[in-house]
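See structure below.
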Amino acid sequence: MSSDRAVSNAAFEGGRSDIAIEARGLSKAFPIYAKPHHRLMQMLAPGDKRRWYREFHALKNVDFSVRRGETVGIVGRNGSGKSTLLQIVCGILDPTGGRIEVSGRIAALLELGAGFNPEFTGRENVYLNATVLGLTRDQIEDKFDEIVDFADIGEFIDQPVKTYSSGMYVRLAFAVAINVMPEILIVDEALSVGDEGFQRKCFAKIDEIRDAGATVLFVSHSAGTVIELCDRAILIDHGELIRIGAPKEVVADYQRLIYAPADKARGLRERIRAEYHGAADIDATPTPRTAADGGVERPQDAEAFADFWDEHLLPKSTVRYESFGASIEDPHIETPEGRRVNVICHGREYEYVYTARFSRAHAGVRFGMMIKTVVGVEIAGAATSTEQAGGGVVDAGDEVRVRFRFRCALNAGTYFLNAGIVAASPEGERYIERHVDAAMFRVMPVSGSLSTALVDLDFSPQLSRTMR
Ligand SMILES: Nc1ncnc2c1ncn2[C@@H]1O[C@H](COP(=O)(O)OP(=O)(O)OP(=O)(O)O)[C@@H](O)[C@H]1O
Ligand SMILES: [Mg+2]
């Protein structure tokens with residue numbers, strides 16, 4: 001890692017450098033007081049041998065560098081130390097160990113409207129905030145309309161911000177932070193508060209800021225956002241940086257970690273850490289912008305990719321419609337060997353299975369299923385026969401095991417399953433039993449996959465270059 005040293009020295013010496021953020025051995029310990037009065041005891045007797053607190057290590061020995069113009073995403077489970085890290089980068093918190101070097105004008109969006117004074121109006125806060133971000137009064141006046149337009153909060157701009165909804169707060173804070181065109185933009189999940197339209201607008205603006213050469217460091221729980229936006233990603237777990245590298249690979253490890261059953265998580269974490277720790281900092285090959293440029297593939301880890309049953313992965317949104325002499329029971333996915341699973345692997349075969357019980361005779365019986373996304377987009381469905389071909393006849397007391405075998409062509413994500421039975425009636429075909437969101441499942445990410453969006457159509461990309 002000798003070249004790494006050289007680069008970091010240049011950064012620390014303030015010479016010409018392409019490093020915007022440099023963290024070395026960064027650590028943060030918070031004092032934890034078992035009882036409120038212990039804090040007071042500690043303050044009153046700082047020289048006392050007895051310590052009135054224990055230390056909680058929120059960050060442990062974190063090393064990384066961000067190049068100027070790079071966009072880096074930070075992922076990790078809740079409480080892993082992401083926000084603590086961003087707060088140290090912004091100078092809101094001091095590290096208890098190691099050092100951080102930041103060079104460039106920094107704008108940060110951390111907690112809701114941090115930096116806003118609740119008693120002041122939106123207008124006053126824009127001036128205050130932009131001043132803190134390093135703009136002169138003239139510059140703010142030039143930008144003011146743009147900021148207010150972007151925030152789109154109408155006449156609320158002249159109301160005290162304490163009367164704002166959380167969405168309005170974030171809109172205004174974001175409008176200020178990104179319209180001052182910072183050299184370094186730090187965002188901590190604030191975006192997730194805004195509505196979708198506003199989020200799109202923000203992403204477009206972040207693109208503009210990046211194109212202008214700014215460095216962006218942000219925390220997100222959205223795998224898609226990190227993969228789309230970032231040049232590199234950092235995975236933090238239990239306060240440790242356990243991996244840094246290509247967003248797709250890092251997000252894949254992150255998802256494996258959050259989907260792993262509790263007894264496997266620790267081992268998996270150690271594997272990720274052992275495999276990557278220290279290997280890929282500033283010397284890492286920059287991530288290609290598009291996978292077609294040749295993303296670094298690594299062998300799939302057979303165990304990490306094993307499908308499994310996660311008992312917590314159950315839909316909370318199941319709706320059962322009125323039934324007419326039929327019931328659907330135990331809808332679930334299983335492997336061809338009959339093992340029940342709900343975290344499944346891309347490319348493998350599975351069966352969607354349910355049992356239909358009839359308390360009444362029916363004719364023209366057809367069984368169906370549908371797979372939907374979290375937002376309800378129907379992706380794929382099937383029935384056991386066509387409407388033209390008609391369905392079968394069942395008697396009261398019949399039980400039918402319904403199986404839909406499929407190959408999982410879905411990309412990583414969470415999906416919901418419907419199940420339904422239709423039968424002939426004097427008015428035509430109608431549902432005699434129907435469950436919406438009867439079951440749910442997750443598809444595990446595949447590292448090195450070139451496929452994007454929901455479905456993998458097994459594309460074979462080809463490039464032919466014409467030499468001039
Ligand atoms: N001021 C503090 N005093 C004591 N502990 C703290 C303090 N701030 C944070 N922590 C602890 O440090 C750990 C990391 O917190 P942090 O907010 O950085 O996590 P995070 O990764 O941002 O989580 P999330 O995804 O929920 O936002 C947590 O266990 C948290 O309880
Ligand atoms: Mg956080």
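Every chain in the structure tokens takes a letter, A first, then B, and so on in the order presented; its residues are numbered from 1, and the ligands are numbered from 1 following the presented order.
Around ligand 1, using only C-alpha atoms and all ligand atoms and a cut-off of 8 Å, the residues in contact are Ala29, Phe30, Pro31, Ile32, Phe56, His57, Ala58, Leu59, Val75, Gly76, Arg77, Asn78, Gly79, Ser80, Gly81, Lys82, Ser83, Thr84, Leu85, Glu189, His221, Ile236, His238 and Gly239 of chain A.
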With C-alpha atoms retained, could you export that selection as an mmCIF file, in the first residue's frame?
```
data_model
loop_
_atom_site.group_PDB
_atom_site.id
_atom_site.type_symbol
_atom_site.label_atom_id
_atom_site.label_comp_id
_atom_site.auth_asym_id
_atom_site.auth_seq_id
_atom_site.Cartn_x
_atom_site.Cartn_y
_atom_site.Cartn_z
ATOM 1 C CA ALA A 29 -16.465 6.110 21.236
ATOM 2 C CA PHE A 30 -19.552 7.471 22.956
ATOM 3 C CA PRO A 31 -19.746 7.481 26.738
ATOM 4 C CA ILE A 32 -22.761 5.542 27.922
ATOM 5 C CA PHE A 56 -19.624 2.375 23.159
ATOM 6 C CA HIS A 57 -17.501 2.155 20.028
ATOM 7 C CA ALA A 58 -19.697 3.432 17.202
ATOM 8 C CA LEU A 59 -16.785 3.586 14.742
ATOM 9 C CA VAL A 75 -24.581 1.204 3.200
ATOM 10 C CA GLY A 76 -24.980 -0.767 6.400
ATOM 11 C CA ARG A 77 -27.536 -2.055 8.819
ATOM 12 C CA ASN A 78 -29.343 0.249 11.289
ATOM 13 C CA GLY A 79 -27.003 1.420 14.002
ATOM 14 C CA SER A 80 -23.891 0.382 12.105
ATOM 15 C CA GLY A 81 -22.319 3.855 12.348
ATOM 16 C CA LYS A 82 -23.138 5.488 9.005
ATOM 17 C CA SER A 83 -24.550 8.722 10.391
ATOM 18 C CA THR A 84 -21.759 8.939 12.947
ATOM 19 C CA LEU A 85 -19.259 8.722 10.106
ATOM 20 C CA GLU A 189 -30.965 9.567 3.880
ATOM 21 C CA HIS A 221 -30.739 2.036 2.212
ATOM 22 C CA ILE A 236 -20.136 -0.535 7.362
ATOM 23 C CA HIS A 238 -20.799 -2.754 13.751
ATOM 24 C CA GLY A 239 -18.758 0.412 13.273
#
```
Subject >> Residues flagged strand (DSSP E or B) by DSSP in range 341-415 of chain A, as a PyMOL selection string >> reply: chain A and resi 341+343-345+349-358+362-373+378-383+392-394+399-407+410+413-415
Subject >> 12 Å contact set for Thr452 in chain A, only C-alpha atoms, chain neighbours under 6 positions out, as number ranges by chain >> reply: A: 223-224, 227-228, 248, 290-292, 409-413, 445-446, 458-459
Written selection (N, CA and C atoms) as a PDB file, in the first residue's frame:
```
ATOM      1  N   ALA A 223     -30.685  -0.001  -2.505  1.00  0.00           N
ATOM      2  CA  ALA A 223     -29.658  -0.648  -3.317  1.00  0.00           C
ATOM      3  C   ALA A 223     -29.618  -0.035  -4.709  1.00  0.00           C
ATOM      4  N   GLY A 224     -30.807   0.195  -5.268  1.00  0.00           N
ATOM      5  CA  GLY A 224     -30.882   0.728  -6.622  1.00  0.00           C
ATOM      6  C   GLY A 224     -30.203   2.084  -6.722  1.00  0.00           C
ATOM      7  N   ILE A 227     -26.396   1.770  -6.577  1.00  0.00           N
ATOM      8  CA  ILE A 227     -25.830   1.199  -7.808  1.00  0.00           C
ATOM      9  C   ILE A 227     -25.908   2.203  -8.954  1.00  0.00           C
ATOM     10  N   GLU A 228     -27.039   2.914  -9.034  1.00  0.00           N
ATOM     11  CA  GLU A 228     -27.221   3.870 -10.116  1.00  0.00           C
ATOM     12  C   GLU A 228     -26.252   5.049 -10.005  1.00  0.00           C
ATOM     13  N   LYS A 248     -22.084  -2.467  -7.063  1.00  0.00           N
ATOM     14  CA  LYS A 248     -22.897  -3.671  -7.231  1.00  0.00           C
ATOM     15  C   LYS A 248     -22.436  -4.788  -6.299  1.00  0.00           C
ATOM     16  N   THR A 290     -20.454   1.845 -16.476  1.00  0.00           N
ATOM     17  CA  THR A 290     -21.452   0.871 -16.902  1.00  0.00           C
ATOM     18  C   THR A 290     -20.840  -0.509 -16.782  1.00  0.00           C
ATOM     19  N   ALA A 291     -21.678  -1.464 -16.463  1.00  0.00           N
ATOM     20  CA  ALA A 291     -21.187  -2.822 -16.291  1.00  0.00           C
ATOM     21  C   ALA A 291     -20.580  -3.330 -17.594  1.00  0.00           C
ATOM     22  N   ALA A 292     -21.058  -2.798 -18.724  1.00  0.00           N
ATOM     23  CA  ALA A 292     -20.566  -3.276 -20.015  1.00  0.00           C
ATOM     24  C   ALA A 292     -19.084  -2.963 -20.210  1.00  0.00           C
ATOM     25  N   ALA A 409     -36.302 -15.623 -13.060  1.00  0.00           N
ATOM     26  CA  ALA A 409     -35.612 -14.679 -13.948  1.00  0.00           C
ATOM     27  C   ALA A 409     -35.644 -13.275 -13.357  1.00  0.00           C
ATOM     28  N   LEU A 410     -36.127 -13.159 -12.112  1.00  0.00           N
ATOM     29  CA  LEU A 410     -36.220 -11.836 -11.485  1.00  0.00           C
ATOM     30  C   LEU A 410     -34.868 -11.428 -10.930  1.00  0.00           C
ATOM     31  N   ASN A 411     -34.604 -10.141 -10.985  1.00  0.00           N
ATOM     32  CA  ASN A 411     -33.398  -9.615 -10.361  1.00  0.00           C
ATOM     33  C   ASN A 411     -33.654  -9.376  -8.875  1.00  0.00           C
ATOM     34  N   ALA A 412     -32.593  -9.038  -8.160  1.00  0.00           N
ATOM     35  CA  ALA A 412     -32.699  -8.886  -6.710  1.00  0.00           C
ATOM     36  C   ALA A 412     -33.810  -7.926  -6.321  1.00  0.00           C
ATOM     37  N   GLY A 413     -34.561  -8.293  -5.301  1.00  0.00           N
ATOM     38  CA  GLY A 413     -35.624  -7.422  -4.833  1.00  0.00           C
ATOM     39  C   GLY A 413     -36.638  -8.219  -4.037  1.00  0.00           C
ATOM     40  N   PRO A 445     -29.248 -10.921  -4.567  1.00  0.00           N
ATOM     41  CA  PRO A 445     -28.459 -10.355  -5.664  1.00  0.00           C
ATOM     42  C   PRO A 445     -27.385 -11.324  -6.149  1.00  0.00           C
ATOM     43  N   VAL A 446     -27.053 -11.224  -7.408  1.00  0.00           N
ATOM     44  CA  VAL A 446     -25.992 -12.041  -7.976  1.00  0.00           C
ATOM     45  C   VAL A 446     -24.837 -11.112  -8.299  1.00  0.00           C
ATOM     46  N   ASP A 458     -31.736 -12.421 -20.067  1.00  0.00           N
ATOM     47  CA  ASP A 458     -30.578 -13.160 -20.560  1.00  0.00           C
ATOM     48  C   ASP A 458     -29.980 -12.502 -21.806  1.00  0.00           C
ATOM     49  N   PHE A 459     -29.850 -11.204 -21.748  1.00  0.00           N
ATOM     50  CA  PHE A 459     -29.254 -10.472 -22.873  1.00  0.00           C
ATOM     51  C   PHE A 459     -27.819 -10.901 -23.089  1.00  0.00           C
TER      52      PHE A 459
END
```
Original post:
If you run DSSP on the backbone, which residues of range 27-163 of chain A are alpha helix (DSSP H), as a ChimeraX atom specification?
Top reply: /A:36-44,82-90,122-132,137-151
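By only C-alpha atoms, and with residues fewer than 3 positions from range 415-431 of chain A along its chain excluded, the set lying at most 7 Å from it is A:His362, A:Ala363, A:Gly364, A:Val365, A:Arg366, A:Phe367, A:Gly368, A:Met369, A:Met370, A:Ile371, A:Lys372, A:Thr373, A:Val374, A:Arg434, A:His435, A:Val436, A:Asp437, A:Ala438, A:Ala439, A:Met440, A:Phe441, A:Arg442.
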Output N, CA and C atoms of each residue in that selection to a file, as a PDB file, in the first residue's frame.
```pdb
ATOM      1  N   HIS A 362     -67.953 -27.278  -8.411  1.00  0.00           N
ATOM      2  CA  HIS A 362     -67.788 -26.179  -9.362  1.00  0.00           C
ATOM      3  C   HIS A 362     -67.372 -26.747 -10.710  1.00  0.00           C
ATOM      4  N   ALA A 363     -67.730 -26.025 -11.774  1.00  0.00           N
ATOM      5  CA  ALA A 363     -67.246 -26.404 -13.108  1.00  0.00           C
ATOM      6  C   ALA A 363     -66.398 -25.257 -13.644  1.00  0.00           C
ATOM      7  N   GLY A 364     -65.609 -25.548 -14.642  1.00  0.00           N
ATOM      8  CA  GLY A 364     -64.788 -24.506 -15.281  1.00  0.00           C
ATOM      9  C   GLY A 364     -63.759 -23.929 -14.320  1.00  0.00           C
ATOM     10  N   VAL A 365     -63.201 -24.796 -13.475  1.00  0.00           N
ATOM     11  CA  VAL A 365     -62.281 -24.307 -12.436  1.00  0.00           C
ATOM     12  C   VAL A 365     -60.869 -24.133 -12.999  1.00  0.00           C
ATOM     13  N   ARG A 366     -60.348 -22.926 -12.851  1.00  0.00           N
ATOM     14  CA  ARG A 366     -58.969 -22.647 -13.277  1.00  0.00           C
ATOM     15  C   ARG A 366     -58.251 -21.987 -12.107  1.00  0.00           C
ATOM     16  N   PHE A 367     -56.977 -22.313 -11.976  1.00  0.00           N
ATOM     17  CA  PHE A 367     -56.189 -21.781 -10.859  1.00  0.00           C
ATOM     18  C   PHE A 367     -55.179 -20.782 -11.413  1.00  0.00           C
ATOM     19  N   GLY A 368     -54.930 -19.730 -10.652  1.00  0.00           N
ATOM     20  CA  GLY A 368     -54.017 -18.705 -11.175  1.00  0.00           C
ATOM     21  C   GLY A 368     -53.067 -18.169 -10.126  1.00  0.00           C
ATOM     22  N   MET A 369     -52.085 -17.424 -10.582  1.00  0.00           N
ATOM     23  CA  MET A 369     -51.115 -16.776  -9.701  1.00  0.00           C
ATOM     24  C   MET A 369     -50.567 -15.529 -10.375  1.00  0.00           C
ATOM     25  N   MET A 370     -49.984 -14.660  -9.567  1.00  0.00           N
ATOM     26  CA  MET A 370     -49.401 -13.412 -10.090  1.00  0.00           C
ATOM     27  C   MET A 370     -48.238 -12.996  -9.193  1.00  0.00           C
ATOM     28  N   ILE A 371     -47.184 -12.486  -9.819  1.00  0.00           N
ATOM     29  CA  ILE A 371     -46.066 -11.927  -9.042  1.00  0.00           C
ATOM     30  C   ILE A 371     -46.079 -10.411  -9.214  1.00  0.00           C
ATOM     31  N   LYS A 372     -45.956  -9.695  -8.110  1.00  0.00           N
ATOM     32  CA  LYS A 372     -45.983  -8.228  -8.165  1.00  0.00           C
ATOM     33  C   LYS A 372     -44.791  -7.628  -7.411  1.00  0.00           C
ATOM     34  N   THR A 373     -44.491  -6.389  -7.764  1.00  0.00           N
ATOM     35  CA  THR A 373     -43.428  -5.683  -7.032  1.00  0.00           C
ATOM     36  C   THR A 373     -44.007  -5.068  -5.759  1.00  0.00           C
ATOM     37  N   VAL A 374     -43.148  -4.471  -4.978  1.00  0.00           N
ATOM     38  CA  VAL A 374     -43.575  -3.828  -3.732  1.00  0.00           C
ATOM     39  C   VAL A 374     -44.597  -2.725  -4.017  1.00  0.00           C
ATOM     40  N   ARG A 434     -59.748 -15.785  -3.742  1.00  0.00           N
ATOM     41  CA  ARG A 434     -58.665 -14.927  -4.218  1.00  0.00           C
ATOM     42  C   ARG A 434     -57.909 -14.329  -3.045  1.00  0.00           C
ATOM     43  N   HIS A 435     -56.603 -14.498  -3.034  1.00  0.00           N
ATOM     44  CA  HIS A 435     -55.755 -13.869  -2.016  1.00  0.00           C
ATOM     45  C   HIS A 435     -54.777 -12.930  -2.700  1.00  0.00           C
ATOM     46  N   VAL A 436     -54.778 -11.675  -2.273  1.00  0.00           N
ATOM     47  CA  VAL A 436     -53.793 -10.726  -2.788  1.00  0.00           C
ATOM     48  C   VAL A 436     -52.686 -10.615  -1.740  1.00  0.00           C
ATOM     49  N   ASP A 437     -51.441 -10.608  -2.193  1.00  0.00           N
ATOM     50  CA  ASP A 437     -50.284 -10.626  -1.281  1.00  0.00           C
ATOM     51  C   ASP A 437     -50.346 -11.836  -0.352  1.00  0.00           C
ATOM     52  N   ALA A 438     -50.611 -12.996  -0.957  1.00  0.00           N
ATOM     53  CA  ALA A 438     -50.728 -14.237  -0.194  1.00  0.00           C
ATOM     54  C   ALA A 438     -49.379 -14.640   0.398  1.00  0.00           C
ATOM     55  N   ALA A 439     -48.296 -14.314  -0.305  1.00  0.00           N
ATOM     56  CA  ALA A 439     -46.953 -14.670   0.168  1.00  0.00           C
ATOM     57  C   ALA A 439     -45.984 -13.651  -0.384  1.00  0.00           C
ATOM     58  N   MET A 440     -44.797 -13.625   0.178  1.00  0.00           N
ATOM     59  CA  MET A 440     -43.772 -12.734  -0.362  1.00  0.00           C
ATOM     60  C   MET A 440     -42.442 -13.469  -0.412  1.00  0.00           C
ATOM     61  N   PHE A 441     -41.528 -12.970  -1.221  1.00  0.00           N
ATOM     62  CA  PHE A 441     -40.202 -13.585  -1.282  1.00  0.00           C
ATOM     63  C   PHE A 441     -39.189 -12.539  -1.701  1.00  0.00           C
ATOM     64  N   ARG A 442     -37.942 -12.868  -1.468  1.00  0.00           N
ATOM     65  CA  ARG A 442     -36.864 -11.991  -1.912  1.00  0.00           C
ATOM     66  C   ARG A 442     -35.969 -12.755  -2.845  1.00  0.00           C
TER      67      ARG A 442
END
```
Original post:
When distances are computed from only C-alpha atoms and all ligand atoms, which of A:Val219, A:Val375, A:Leu26, A:Val343 shows the smallest separation from ligand 2?
Top reply: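 Checking each candidate against ligand 2, we get A:Val219 as the closest.
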